[in-house]
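Engineer: Handing over work_5.tsv, TSV, C-alpha atoms.
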```tsv
chain	number	residue	atom	x	y	z
A	19	MET	CA	-29.65	-17.31	161.36
A	20	THR	CA	-30.75	-20.88	161.88
A	21	THR	CA	-27.68	-21.78	163.92
A	22	ARG	CA	-28.75	-19.29	166.61
A	23	THR	CA	-32.39	-20.37	166.89
A	24	PRO	CA	-31.89	-23.05	169.58
A	25	PHE	CA	-30.05	-20.61	171.85
A	26	LEU	CA	-32.62	-17.88	171.29
A	27	SER	CA	-35.53	-20.23	171.89
A	28	ALA	CA	-34.02	-21.49	175.11
A	29	ALA	CA	-33.56	-17.96	176.40
A	30	LEU	CA	-37.16	-17.05	175.60
A	31	ALA	CA	-38.45	-20.20	177.22
A	32	VAL	CA	-36.74	-19.33	180.51
A	33	VAL	CA	-38.27	-15.84	180.54
A	34	ILE	CA	-41.78	-17.04	179.72
A	35	ALA	CA	-41.67	-19.81	182.31
A	36	SER	CA	-40.57	-17.37	185.00
A	37	LEU	CA	-43.48	-15.06	184.26
A	38	LEU	CA	-45.99	-17.88	184.40
A	39	LEU	CA	-44.64	-19.16	187.70
A	40	VAL	CA	-44.86	-15.74	189.34
A	41	SER	CA	-48.35	-14.97	188.09
A	42	LYS	CA	-49.95	-18.30	189.00
A	43	PRO	CA	-52.38	-18.07	191.98
A	44	ALA	CA	-51.27	-19.67	195.26
A	45	ASP	CA	-54.26	-22.03	195.44
A	46	ALA	CA	-53.59	-23.29	191.94
A	47	GLN	CA	-49.93	-23.95	192.80
A	48	SER	CA	-50.94	-26.29	195.57
A	49	GLU	CA	-53.07	-28.33	193.16
A	50	ASP	CA	-50.68	-28.43	190.23
A	51	SER	CA	-47.20	-26.88	190.40
A	52	THR	CA	-46.23	-28.00	186.90
A	53	VAL	CA	-45.85	-25.29	184.26
A	54	ARG	CA	-45.61	-26.29	180.62
A	55	VAL	CA	-44.29	-23.93	177.97
A	56	GLN	CA	-44.36	-24.78	174.31
A	57	VAL	CA	-42.06	-22.87	171.96
A	58	ASP	CA	-42.69	-23.16	168.24
A	59	VAL	CA	-39.38	-22.23	166.61
A	60	ASP	CA	-40.90	-22.51	163.13
A	61	LYS	CA	-43.45	-19.72	163.72
A	62	THR	CA	-42.34	-16.08	163.57
A	63	LEU	CA	-44.37	-13.71	165.74
A	64	HIS	CA	-42.29	-10.54	165.34
A	65	GLU	CA	-39.26	-9.61	163.26
A	66	ILE	CA	-36.30	-7.48	164.31
A	67	SER	CA	-35.73	-4.54	162.00
A	68	PRO	CA	-32.62	-4.95	159.83
A	69	ASN	CA	-31.74	-1.40	160.85
A	70	VAL	CA	-31.07	-2.56	164.42
A	71	TYR	CA	-27.70	-4.17	164.94
A	72	GLY	CA	-24.90	-4.32	167.46
A	73	HIS	CA	-27.29	-4.51	170.42
A	74	PHE	CA	-25.58	-5.27	173.74
A	75	LEU	CA	-22.21	-5.95	172.15
A	76	GLU	CA	-19.05	-5.78	174.23
A	77	HIS	CA	-17.49	-2.55	172.99
A	78	ILE	CA	-13.86	-3.62	172.56
A	79	TYR	CA	-14.03	-7.04	170.95
A	80	HIS	CA	-17.60	-6.71	169.62
A	81	SER	CA	-18.58	-10.00	171.23
A	82	ALA	CA	-21.92	-11.08	172.66
A	83	ASN	CA	-23.28	-13.79	174.94
A	84	GLY	CA	-19.98	-14.38	176.69
A	85	GLY	CA	-18.07	-14.45	173.44
A	86	LEU	CA	-20.26	-17.14	171.87
A	87	TRP	CA	-21.03	-14.81	168.97
A	88	GLY	CA	-19.06	-11.88	167.61
A	89	GLU	CA	-19.16	-9.38	164.79
A	90	LEU	CA	-16.87	-10.12	161.88
A	91	VAL	CA	-17.09	-6.68	160.26
A	92	TRP	CA	-15.53	-3.90	162.31
A	93	ASN	CA	-16.62	-0.26	162.10
A	94	ARG	CA	-19.49	-1.19	159.83
A	95	SER	CA	-21.33	2.07	160.53
A	96	PHE	CA	-18.14	4.07	159.73
A	97	GLU	CA	-18.30	6.01	163.02
A	98	LEU	CA	-14.55	5.65	163.64
A	99	SER	CA	-12.54	7.76	161.23
A	100	ASN	CA	-9.39	9.72	160.50
A	101	GLY	CA	-7.16	7.48	162.58
A	102	GLY	CA	-7.03	9.83	165.58
A	103	THR	CA	-6.05	12.99	163.68
A	104	GLY	CA	-9.48	14.58	163.92
A	105	ASP	CA	-11.28	16.70	161.36
A	106	TRP	CA	-9.90	20.23	161.51
A	107	SER	CA	-11.02	23.15	159.34
A	108	VAL	CA	-11.27	26.94	159.36
A	109	ASP	CA	-14.75	28.41	158.91
A	110	ASP	CA	-15.17	32.20	158.73
A	111	GLY	CA	-12.06	32.70	160.84
A	112	GLU	CA	-13.05	30.07	163.41
A	113	VAL	CA	-11.04	26.89	163.95
A	114	VAL	CA	-13.35	23.86	163.92
A	115	GLN	CA	-12.74	20.28	165.05
A	116	SER	CA	-15.81	18.22	164.16
A	117	SER	CA	-14.80	14.59	164.78
A	118	LEU	CA	-16.06	12.95	167.98
A	119	ILE	CA	-13.04	10.72	168.47
A	120	THR	CA	-10.89	11.19	171.59
A	121	ASP	CA	-7.43	12.66	172.14
A	122	VAL	CA	-7.42	14.98	169.12
A	123	HIS	CA	-4.89	17.81	169.18
A	124	PHE	CA	-2.50	19.85	167.08
A	125	LEU	CA	0.30	22.28	167.91
A	126	PHE	CA	1.30	25.65	166.50
A	127	GLY	CA	3.50	28.55	167.49
A	128	ASP	CA	7.18	28.59	168.39
A	129	PRO	CA	8.60	25.75	170.54
A	130	THR	CA	11.13	28.22	171.99
A	131	TRP	CA	8.46	30.46	173.56
A	132	GLN	CA	8.83	30.58	177.34
A	133	ASP	CA	6.59	32.93	179.34
A	134	TYR	CA	3.39	34.14	177.66
A	135	GLU	CA	-0.35	34.58	177.90
A	136	ILE	CA	-3.00	32.90	175.72
A	137	THR	CA	-6.48	34.32	175.22
A	138	LEU	CA	-9.24	32.89	173.05
A	139	GLN	CA	-12.90	31.96	172.90
A	140	ALA	CA	-14.15	28.38	172.59
A	141	ARG	CA	-17.56	26.83	172.02
A	142	LYS	CA	-18.69	23.24	172.38
A	143	VAL	CA	-21.07	22.25	169.57
A	144	ARG	CA	-21.80	18.74	170.81
A	145	GLY	CA	-20.06	15.83	172.48
A	146	SER	CA	-19.29	14.24	175.82
A	147	GLU	CA	-16.71	16.61	177.32
A	148	GLY	CA	-15.34	20.13	176.84
A	149	PHE	CA	-12.11	21.30	175.18
A	150	MET	CA	-8.42	21.69	175.95
A	151	ILE	CA	-5.89	24.49	175.49
A	152	MET	CA	-2.28	23.34	175.10
A	153	PHE	CA	0.78	25.29	176.26
A	154	ARG	CA	4.53	24.75	176.68
A	155	ALA	CA	4.19	22.14	173.94
A	156	THR	CA	7.29	20.98	172.05
A	157	ASP	CA	5.78	17.87	170.44
A	158	ASP	CA	2.99	15.30	170.89
A	159	GLN	CA	4.78	13.75	173.86
A	160	ASN	CA	5.73	16.85	175.84
A	161	PHE	CA	3.11	19.45	176.73
A	162	TYR	CA	0.60	20.76	179.23
A	163	TRP	CA	-3.06	21.32	178.51
A	164	LEU	CA	-5.85	23.02	180.39
A	165	ASN	CA	-8.66	20.47	180.32
A	166	LEU	CA	-11.99	22.28	180.66
A	167	GLY	CA	-14.96	19.97	181.21
A	168	GLY	CA	-12.89	16.82	181.35
A	169	TRP	CA	-13.63	13.55	183.13
A	170	SER	CA	-17.12	13.17	181.65
A	171	ASN	CA	-17.65	16.94	181.74
A	172	SER	CA	-17.30	17.16	185.51
A	173	ARG	CA	-14.18	19.22	186.32
A	174	HIS	CA	-11.36	21.48	185.13
A	175	ALA	CA	-7.65	20.70	185.62
A	176	ILE	CA	-4.20	20.88	184.04
A	177	GLU	CA	-2.69	17.70	182.65
A	178	LYS	CA	0.95	17.12	181.81
A	179	GLU	CA	2.33	14.80	179.13
A	180	PHE	CA	5.96	14.02	179.89
A	181	ASP	CA	8.25	11.00	179.82
A	182	ASN	CA	5.60	8.85	178.05
A	183	ARG	CA	3.08	9.53	180.80
A	184	ARG	CA	0.03	11.77	181.03
A	185	ARG	CA	-1.43	12.76	184.39
A	186	ALA	CA	-3.40	15.52	186.06
A	187	ILE	CA	-1.28	17.86	188.18
A	188	GLY	CA	-2.17	20.43	190.80
A	189	PRO	CA	-5.63	21.24	192.13
A	190	ASP	CA	-8.77	20.80	190.04
A	191	LYS	CA	-12.12	22.57	190.11
A	192	ASP	CA	-15.60	21.14	189.66
A	193	GLY	CA	-17.28	22.43	186.54
A	194	SER	CA	-18.78	21.58	183.17
A	195	ILE	CA	-18.96	23.05	179.67
A	196	GLU	CA	-22.35	23.80	178.14
A	197	GLU	CA	-23.19	23.38	174.47
A	198	ASP	CA	-23.63	26.35	172.10
A	199	ARG	CA	-22.04	28.89	174.42
A	200	TRP	CA	-18.89	30.89	173.79
A	201	TYR	CA	-16.45	30.85	176.72
A	202	ASP	CA	-13.65	33.36	177.31
A	203	ILE	CA	-10.42	31.55	178.19
A	204	ARG	CA	-7.15	32.98	179.47
A	205	VAL	CA	-3.99	31.01	180.28
A	206	ARG	CA	-0.90	32.68	181.81
A	207	VAL	CA	2.39	30.76	182.12
A	208	GLU	CA	5.43	32.20	183.90
A	209	GLY	CA	8.24	29.86	184.85
A	210	ASP	CA	6.60	26.98	186.72
A	211	HIS	CA	3.58	29.11	187.65
A	212	PHE	CA	0.35	28.49	185.71
A	213	GLN	CA	-2.87	30.50	186.04
A	214	CYS	CA	-6.09	29.90	184.11
A	215	TRP	CA	-9.38	31.80	183.90
A	216	LEU	CA	-12.76	30.78	182.47
A	217	ASP	CA	-15.20	33.63	181.77
A	218	GLY	CA	-13.15	35.87	184.04
A	219	GLU	CA	-13.16	33.46	186.99
A	220	GLN	CA	-9.83	31.95	187.99
A	221	VAL	CA	-10.11	28.16	187.95
A	222	ILE	CA	-6.41	27.19	188.25
A	223	ASP	CA	-3.48	28.73	190.16
A	224	MET	CA	-0.59	26.30	190.61
A	225	HIS	CA	3.13	25.61	190.38
A	226	ASP	CA	4.71	22.59	188.70
A	227	GLU	CA	7.84	22.15	190.78
A	228	ARG	CA	8.67	18.67	189.48
A	229	ASP	CA	10.53	18.74	186.15
A	230	PRO	CA	8.54	21.64	184.70
A	231	LEU	CA	8.43	22.19	180.95
A	232	LEU	CA	9.80	25.72	180.60
A	233	ALA	CA	9.39	26.36	176.86
A	234	GLY	CA	7.04	25.39	174.06
A	235	GLY	CA	4.32	26.45	171.68
A	236	VAL	CA	0.56	26.26	172.06
A	237	GLY	CA	-2.24	24.12	170.64
A	238	LEU	CA	-5.90	23.15	170.57
A	239	ALA	CA	-7.43	19.83	171.56
A	240	THR	CA	-10.73	17.99	171.99
A	241	TRP	CA	-11.88	14.77	173.63
A	242	GLY	CA	-15.03	13.25	172.15
A	243	THR	CA	-16.28	16.74	171.33
A	244	HIS	CA	-17.08	18.89	168.29
A	245	SER	CA	-15.71	22.34	169.17
A	246	ARG	CA	-15.01	25.76	167.66
A	247	TYR	CA	-12.33	28.33	168.58
A	248	ARG	CA	-11.91	31.99	167.65
A	249	ASN	CA	-9.99	35.18	168.53
A	250	ILE	CA	-6.84	33.23	169.38
A	251	LYS	CA	-3.99	35.41	170.59
A	252	VAL	CA	-0.62	34.77	172.27
A	253	THR	CA	1.26	37.71	173.80
A	254	SER	CA	4.14	38.45	176.12
A	255	LEU	CA	3.19	38.67	179.79
A	256	ASP	CA	3.02	42.47	179.75
A	257	GLY	CA	1.04	42.47	176.50
A	258	SER	CA	3.60	44.58	174.64
A	259	THR	CA	4.58	41.87	172.14
A	260	GLU	CA	2.09	39.89	170.08
A	261	LEU	CA	3.50	36.42	169.41
A	262	PHE	CA	0.50	35.06	167.49
A	263	SER	CA	-2.95	36.22	166.44
A	264	GLY	CA	-5.69	34.80	164.22
A	265	ALA	CA	-6.44	31.30	162.97
A	266	PRO	CA	-3.50	28.88	162.75
A	267	GLU	CA	-2.91	26.61	159.79
A	268	VAL	CA	-4.82	23.43	160.67
A	269	PRO	CA	-3.69	19.86	159.93
A	270	GLU	CA	-4.60	18.58	156.49
A	271	LYS	CA	-7.65	16.36	156.60
A	272	LYS	CA	-6.71	12.74	156.03
A	273	GLU	CA	-9.43	10.62	154.53
A	274	GLN	CA	-9.09	7.52	156.64
A	275	ILE	CA	-11.88	5.28	157.89
A	276	ASP	CA	-10.70	2.96	160.62
A	277	PHE	CA	-10.39	-0.72	159.60
A	278	TRP	CA	-11.25	0.05	155.94
A	279	THR	CA	-9.05	0.66	152.88
A	280	HIS	CA	-10.11	2.17	149.57
A	281	VAL	CA	-9.28	-0.10	146.62
A	282	GLY	CA	-9.61	0.32	142.88
A	283	GLU	CA	-10.14	3.63	141.12
A	284	GLY	CA	-11.90	6.83	142.05
A	285	SER	CA	-12.27	8.00	145.62
A	286	ALA	CA	-13.91	7.05	148.93
A	287	HIS	CA	-15.25	9.66	151.36
A	288	ARG	CA	-17.25	9.45	154.56
A	289	VAL	CA	-20.46	11.48	154.27
A	290	GLU	CA	-23.34	12.31	156.62
A	291	ASP	CA	-26.03	10.38	154.77
A	292	ALA	CA	-27.08	6.95	156.00
A	293	LEU	CA	-30.05	4.62	156.21
A	294	ASN	CA	-29.97	4.01	159.94
A	295	ASN	CA	-27.15	5.97	161.50
A	296	ARG	CA	-25.18	9.10	160.71
A	297	TYR	CA	-22.43	8.08	158.31
A	298	SER	CA	-21.94	6.18	155.08
A	299	VAL	CA	-19.07	5.93	152.60
A	300	GLU	CA	-19.53	7.47	149.18
A	301	LEU	CA	-17.57	5.78	146.38
A	302	LYS	CA	-16.97	7.83	143.24
A	303	SER	CA	-15.58	6.43	139.99
A	304	ASP	CA	-15.70	7.09	136.25
A	305	GLY	CA	-17.06	3.63	135.54
A	306	ARG	CA	-14.08	1.58	136.62
A	307	GLN	CA	-14.16	-0.62	139.69
A	308	ALA	CA	-13.95	1.06	143.09
A	309	GLY	CA	-14.55	-0.38	146.53
A	310	LEU	CA	-13.63	-0.87	150.18
A	311	LEU	CA	-11.51	-3.60	151.71
A	312	GLN	CA	-11.28	-4.89	155.29
A	313	GLU	CA	-8.57	-7.38	156.20
A	314	ASN	CA	-7.55	-9.82	158.96
A	315	TYR	CA	-10.75	-11.78	159.43
A	316	LYS	CA	-10.83	-14.84	161.65
A	317	PHE	CA	-12.29	-17.24	159.11
A	318	GLU	CA	-13.94	-20.60	159.77
A	319	PRO	CA	-15.35	-22.73	156.91
A	320	GLN	CA	-19.08	-22.19	157.37
A	321	SER	CA	-21.98	-20.13	156.03
A	322	TYR	CA	-21.89	-16.40	156.76
A	323	HIS	CA	-24.95	-14.15	156.58
A	324	GLY	CA	-24.92	-10.37	156.37
A	325	SER	CA	-26.54	-7.28	154.93
A	326	LEU	CA	-25.50	-4.19	153.02
A	327	ALA	CA	-27.41	-0.93	152.51
A	328	MET	CA	-26.62	1.11	149.40
A	329	LYS	CA	-27.97	3.70	146.99
A	330	ALA	CA	-26.83	5.54	143.86
A	331	THR	CA	-26.41	9.30	144.19
A	332	GLN	CA	-25.56	10.27	140.61
A	333	ASP	CA	-24.91	8.96	137.12
A	334	PRO	CA	-23.43	6.75	135.96
A	335	ILE	CA	-25.21	4.20	138.14
A	336	PRO	CA	-23.00	1.15	138.71
A	337	ASP	CA	-23.91	-2.03	136.85
A	338	GLY	CA	-23.90	-3.90	140.13
A	339	VAL	CA	-22.08	-4.56	143.38
A	340	LYS	CA	-19.92	-7.55	144.22
A	341	VAL	CA	-19.10	-8.70	147.75
A	342	GLU	CA	-16.13	-11.05	148.03
A	343	LEU	CA	-14.39	-13.04	150.76
A	344	LEU	CA	-10.73	-13.31	149.79
A	345	ASP	CA	-7.64	-15.23	150.80
A	346	GLY	CA	-5.03	-13.02	149.22
A	347	GLU	CA	-6.19	-12.88	145.62
A	348	ARG	CA	-8.09	-16.17	145.82
A	349	VAL	CA	-11.86	-15.78	146.01
A	350	LEU	CA	-13.35	-17.98	148.74
A	351	GLY	CA	-16.92	-16.78	148.26
A	352	GLN	CA	-18.82	-13.99	146.59
A	353	ALA	CA	-22.28	-12.51	146.14
A	354	ILE	CA	-23.42	-10.43	143.15
A	355	LEU	CA	-25.96	-7.74	144.08
A	356	ASP	CA	-28.23	-5.75	141.81
A	357	ALA	CA	-27.37	-2.19	140.85
A	358	PRO	CA	-28.24	0.34	143.58
A	359	THR	CA	-31.30	2.53	143.16
A	360	ALA	CA	-31.87	6.21	143.93
A	361	GLY	CA	-33.05	5.39	147.46
A	362	TRP	CA	-31.57	3.31	150.25
A	363	SER	CA	-32.17	-0.40	149.86
```
Would it be possible to restate this file's structure as structure tokens?

Structural biologist:
Amino acid sequence: MTTRTPFLSAALAVVIASLLLVSKPADAQSEDSTVRVQVDVDKTLHEISPNVYGHFLEHIYHSANGGLWGELVWNRSFELSNGGTGDWSVDDGEVVQSSLITDVHFLFGDPTWQDYEITLQARKVRGSEGFMIMFRATDDQNFYWLNLGGWSNSRHAIEKEFDNRRRAIGPDKDGSIEEDRWYDIRVRVEGDHFQCWLDGEQVIDMHDERDPLLAGGVGLATWGTHSRYRNIKVTSLDGSTELFSGAPEVPEKKEQIDFWTHVGEGSAHRVEDALNNRYSVELKSDGRQAGLLQENYKFEPQSYHGSLAMKATQDPIPDGVKVELLDGERVLGQAILDAPTAGWS
């Protein structure tokens, strides 16, 4: 973008001048300490690949260079999805949560359960932390969970969500969760006494003497991790009564891509097929218009430059693609692109 060239050139000039000053011999410095650097902004030596973007951006507001520049399009690689609900499924009797977003959980069982024991196996497929087992859960705001491999996969502890606050309680234990390994997990809750085992080793033994939650169901949770669970069972403390066994009914998958809305006909789904990352959005239609919409732009009257990668996966191939900048229904600017081809372009 031509408006950025002066700033980029100035930054390069400072770096080049510094290198020349350091590398100049001492005897030459005494004779002539002047260093001259000429930058030709009209000559391109190397080009940055269009597949590289978002470098060194501040992660919350997507700003760069102290806020001088910022990204207009949010979630343009479609990494953020499902609005925090996760991506739950059941595969061959195993419960799977495959989204890498944080704070994903769902509850099942009877909220009137009091004292019981949970046993299950869990495996981390990939991700930054481990997995959580929920107990004494009455809703999304009142529960405990055993956090295995939490805090950047560094320790195990129980956390309590109560009175609009979540915090770790009781002692913790250093430890991490490995990928592609099934772990045996056991959680025993009796009154305010909680005991937890990982692969037969007790990792937690504590009492919650401050406003304990004394009844509630169970649940599964992940934090930035793709995980699988199997052989889930809830029994009475003496094992004589089986309260739950098998795979619970998982939450219905909601097709939601953060900051984007499907418009027009057909459908929009996030798929694992992309030019330069992991995800893209596949639009399907019977020939009528279908698209994606992102709202609430901070707009200034000026030229905007951008790029779009696309391909056609099946017939009928669209006649073309239109990109519009709208103010309500009023078109402020638009670009008509050629029909996509069979490969990414």

Engineer: List every protein, DNA or RNA residue that has at least one atom no more than 12 Å from (-2.1, 18.3, 157.4) in the file's coordinates, counting only C-alpha atoms, and write the result as a VMD selection string.

Structural biologist: chain A and resid 100 103 to 107 124 to 125 266 to 273

Engineer: Which value, in Å to one decimal, gives the distance between atom CA of Thr359 of chain A and atom CA of Phe96 of chain A?

Structural biologist: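 It comes out at 21.2 Å.
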
Engineer: For Asp109 of chain A, work out the shell of residues within 10 Å, counting all atoms listed in the file and skipping chain neighbours fewer than 5 positions away, then give it as a count of residues only.

Structural biologist: 5

Engineer: So the first atom is atom CA of His225 of chain A and the second is atom CA of Gly209 of chain A; what is the distance between them in Å, to one decimal place?

Structural biologist: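 Computing it gives 8.6 Å between the two atoms.
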
Engineer: Kindly indicate which residue among A:Ser254, A:Ser67, A:Gln320, A:Gln352 lies nearest to Glu208 of chain A, using all atoms listed in the file for the distances.

Structural biologist: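 Between A:Ser254, A:Ser67, A:Gln320, A:Gln352, the residue approaching Glu208 of chain A most closely is A:Ser254.
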
Engineer: Give the answer as one residue: which of A:Tyr134, A:Phe126, A:Tyr297, A:Phe161 has the shortest atom-to-atom distance to Glu177 of chain A, using only C-alpha atoms?

Structural biologist: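 Once distances to Glu177 of chain A are computed over only C-alpha atoms, the minimum belongs to A:Phe161.
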
Engineer: Suppose you want the space between atom CA of Lys191 of chain A and atom CA of His174 of chain A; what is it in Å?

Structural biologist: 5.2 Å

Engineer: Using only C-alpha atoms for the distances, tell me which of A:Gln312, A:Ser258, A:Ser172, A:Gln332 is nearest to Ile275 of chain A.

Structural biologist: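 Closest to Ile275 of chain A, using only C-alpha atoms: A:Gln312.
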
Engineer: Could you give me, as a list of chain:residue names, the residues within 8 Å of segment 163-168 of chain A, counting only C-alpha atoms and dropping anything in the same chain fewer than 6 positions from it?

Structural biologist: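 Listing them by chain and then by number gives A:Glu147, A:Gly148, A:Phe149, A:Met150, A:Ile151, A:Met152, A:Phe153, A:His174, A:Ala175, A:Ile176, A:Glu177, A:Lys178, A:Gly193, A:Ser194, A:Ile195, A:Cys214.
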
Engineer: Pick from A:Ile136, A:Ile66, A:Leu293, A:Leu232: nearest to Arg204 of chain A, with all atoms listed in the file counted?

Structural biologist: A:Ile136

Engineer: For Asn93 of chain A, find every residue with an atom within 10 Å (counting all atoms listed in the file), except residues of its own chain fewer than 2 positions away, and show them as a list in words.

Structural biologist: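 My reading of the contact set: His80, Glu89, Leu90, Val91, Ser95, Phe96, Glu97, Leu98, Ser99, Ile275, Asp276, Phe277, Trp278 and Gln312 of chain A.
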
Engineer: Skip Ser263 of chain A itself and residues of its chain fewer than 3 positions away, then list as a PyMOL selection string all residues within 7 Å of it, counting only C-alpha atoms.

Structural biologist: chain A and resi 250-252

Engineer: Measuring atom to atom with all atoms listed in the file, identify which of A:Gln220, A:Thr243, A:Ser325, A:Thr62 is nearest to Val205 of chain A.

Structural biologist: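 Closest candidate: A:Gln220.
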